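To keep things clear, I will list the structure first and then write my remarks on it.
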Amino acid sequence: MTRATLRDNGFMHEPILSATTFPSMDVSTPEQWQQIGIETARNQPRVAESILSLMSCLEDITDGFAVNQLEHSLQTATRAELAGADIEMVVASLCHDIGKVISVANHPAIAAEILRPYVRDEVYKVILTHQDFQGRHYYHHFGLDPDLRRHYKEAPWFELAQKFADEWDQTSFDPEFKAEPLKHFEPMVREVFAQPQKVFFSQSETVFGDDRPKPIFRLFGESRPLAQPCSCPRGRAHPPDVSSRRRSSSS
Ligand SMILES: [Fe+2]
């Protein structure tokens, strides 16, 4: 989606104050960073639109499978939803192969890092390691170890990862399966990506909460977008109550 389209559709805003910026960071002021935080939060809706745009690109990738990667992703997400998975897991199922738009070789890590600020940790770990769990079903064809999942045996998200790989992902190359269209998942994508739950730097993680550090609070916490009506089938509003999206791994 182009910048103009994002702006025309209300997913991206013109700057409130355009002259507040600085020529280099070492002369920046707290007020300027406050303004950048506000602008960044106002434009947060472009994240979901970028995700949906990337999802559409998966339709061009088939690479010898029976269905293209968009269809595979829709089937995986449909199976997750039918099994009663919560919204974070449904959206993660939809996006689990989104990294293939960039690079097949490291696609699990790309998808996992895109999702990471917006989902609970176990969902991130399931997507990050999904190839190791998938190996059970085909790695023997390459002479590779099909039981790489054993390395995660003690992880609290092990059962969820098994369910994802064995029941939803590896079964979703079926041309006869009737998956929900991408439009069905759009409200869920917009809800999950409406606001990050945490931010990551190279050596640290900052989780948003009442005890959030002041600089992060300035950047994001005081500049949340106004709530908007949501057509999501679950009837949620934007921005979401993040805690309401959290469920146990057994869901
Ligand atoms: Fe997959």
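Convention: chains lettered A, B, ... in structure tokens order; per-chain residue numbering from 1; ligands numbered from 1 as shown.
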Helix (DSSP H, G or I) per DSSP on the backbone: members of segment 9-67 of chain A, as a ChimeraX atom specification:
/A:18-20,25-27,30-42,45-60
Interface rows for chain A against ligand 1: nearest pair, Å to one decimal, 7 Å, only C-alpha atoms and all ligand atoms, as CSV:
```
residue,atom,partner,partner_atom_place_in_ligand_line,distance
A:His72,CA,ligand 1,1 (Fe),6.7
A:Ser73,CA,ligand 1,1 (Fe),6.6
A:His96,CA,ligand 1,1 (Fe),6.4
A:Asp97,CA,ligand 1,1 (Fe),5.5
A:Asp169,CA,ligand 1,1 (Fe),5.0
A:Gln170,CA,ligand 1,1 (Fe),6.5
```
Writing out the chosen residues with N, CA and C atoms as a PDB file, in the first residue's frame:
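Final output, saved to result23.pdb:
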```
ATOM      1  N   HIS A  72      -2.294 -21.238   1.934  1.00  0.00           N
ATOM      2  CA  HIS A  72      -1.772 -22.035   3.061  1.00  0.00           C
ATOM      3  C   HIS A  72      -1.954 -21.292   4.380  1.00  0.00           C
ATOM      4  N   SER A  73      -1.674 -20.012   4.368  1.00  0.00           N
ATOM      5  CA  SER A  73      -1.791 -19.217   5.597  1.00  0.00           C
ATOM      6  C   SER A  73      -3.248 -19.085   6.029  1.00  0.00           C
ATOM      7  N   HIS A  96       2.249 -16.678  10.120  1.00  0.00           N
ATOM      8  CA  HIS A  96       3.422 -17.475  10.489  1.00  0.00           C
ATOM      9  C   HIS A  96       4.434 -17.635   9.353  1.00  0.00           C
ATOM     10  N   ASP A  97       3.981 -17.543   8.095  1.00  0.00           N
ATOM     11  CA  ASP A  97       4.897 -17.671   6.962  1.00  0.00           C
ATOM     12  C   ASP A  97       5.075 -16.355   6.219  1.00  0.00           C
ATOM     13  N   ASP A 169      -0.781 -26.246  10.851  1.00  0.00           N
ATOM     14  CA  ASP A 169       0.157 -25.826   9.803  1.00  0.00           C
ATOM     15  C   ASP A 169       0.431 -26.927   8.776  1.00  0.00           C
ATOM     16  N   GLN A 170       0.931 -28.081   9.220  1.00  0.00           N
ATOM     17  CA  GLN A 170       1.358 -29.108   8.257  1.00  0.00           C
ATOM     18  C   GLN A 170       0.197 -29.719   7.492  1.00  0.00           C
TER      19      GLN A 170
END
```
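Between atom CA of Asp174 of chain A and atom CA of Leu82 of chain A the interatomic distance comes to 16.2 Å.
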Calculated over only C-alpha atoms, which of the candidates A:Asp60, A:Glu154, A:Glu205, A:Asp145 has the smallest distance to Asp121 of chain A?
A:Glu205
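For the choices A:Tyr138, A:Ser204, A:Lys163, A:Val189, the atom-to-atom distance to Gly84 of chain A is smallest for A:Lys163 when using only C-alpha atoms.
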When you draw a straight line from atom CA of Leu74 of chain A to atom CA of Pro146 of chain A, how long is it in Å?
25.6 Å
One residue among A:Gln35, A:Thr62, A:Thr171, A:Gln195 is nearest to Gln134 of chain A when using only C-alpha atoms, and that residue is A:Thr171
Selection near segment 178-183 of chain A, 9 Å with only C-alpha atoms, sequence-local residues under 6 positions removed, as a PDB file with C-alpha atoms, in the first residue's frame:
```pdb
ATOM      1  CA  LEU A  52      -2.218  -7.114   5.181  1.00  0.00           C
ATOM      2  CA  MET A  55      -0.101 -11.136   3.274  1.00  0.00           C
ATOM      3  CA  SER A  56      -1.463 -10.379  -0.199  1.00  0.00           C
ATOM      4  CA  LEU A  70      -1.596 -17.052   1.042  1.00  0.00           C
ATOM      5  CA  GLU A  71      -4.011 -19.976   0.735  1.00  0.00           C
ATOM      6  CA  HIS A  72      -1.772 -22.035   3.061  1.00  0.00           C
ATOM      7  CA  LEU A  74      -5.570 -18.780   5.388  1.00  0.00           C
ATOM      8  CA  GLN A  75      -6.069 -22.509   5.885  1.00  0.00           C
ATOM      9  CA  THR A  76      -3.752 -22.508   8.895  1.00  0.00           C
ATOM     10  CA  ALA A  77      -5.542 -19.537  10.495  1.00  0.00           C
ATOM     11  CA  THR A  78      -8.970 -21.019   9.744  1.00  0.00           C
ATOM     12  CA  ARG A  79      -8.007 -24.278  11.436  1.00  0.00           C
ATOM     13  CA  LEU A  94      -2.219 -16.256   9.652  1.00  0.00           C
TER      14      LEU A  94
END
```
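If you count only C-alpha atoms and ignore residues fewer than 4 places along the chain from Leu58 of chain A, what sits within 7 Å of it is Leu54, Gln69, Leu70 and Val101 of chain A.
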Write the residues of the preceding selection, restricted to C-alpha atoms, as an mmCIF file, in the first residue's frame.
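Writing the result to again22.cif gives the following:
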```cif
data_model
loop_
_atom_site.group_PDB
_atom_site.id
_atom_site.type_symbol
_atom_site.label_atom_id
_atom_site.label_comp_id
_atom_site.auth_asym_id
_atom_site.auth_seq_id
_atom_site.Cartn_x
_atom_site.Cartn_y
_atom_site.Cartn_z
ATOM 1 C CA LEU A 54 2.479 -8.378 2.803
ATOM 2 C CA GLN A 69 1.354 -19.374 0.483
ATOM 3 C CA LEU A 70 -1.596 -17.052 1.042
ATOM 4 C CA VAL A 101 7.763 -12.630 1.186
#
```
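Comparing A:Glu167, A:Ala161, A:Pro108, A:Thr21 by their smallest distance to Gln34 of chain A, the closest is A:Thr21 (using only C-alpha atoms).
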When you look at Glu113 of chain A with a cut-off of 12 Å (counting only C-alpha atoms), what residues show up, excluding the ones that are within fewer than 2 positions of it in the same chain? I need them as a PyMOL selection string.
chain A and resi 92+95-99+106-111+115-119+121+123-129+199-201
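Distances to Trp157 of chain A were evaluated for A:Ile114, A:Met89, A:Met188, A:Ile51 using only C-alpha atoms, and the minimum falls at A:Met89.
Distances to Glu176 of chain A were evaluated for A:Val90, A:Leu160, A:Ala48, A:Val67 using only C-alpha atoms, and the minimum falls at A:Val67.
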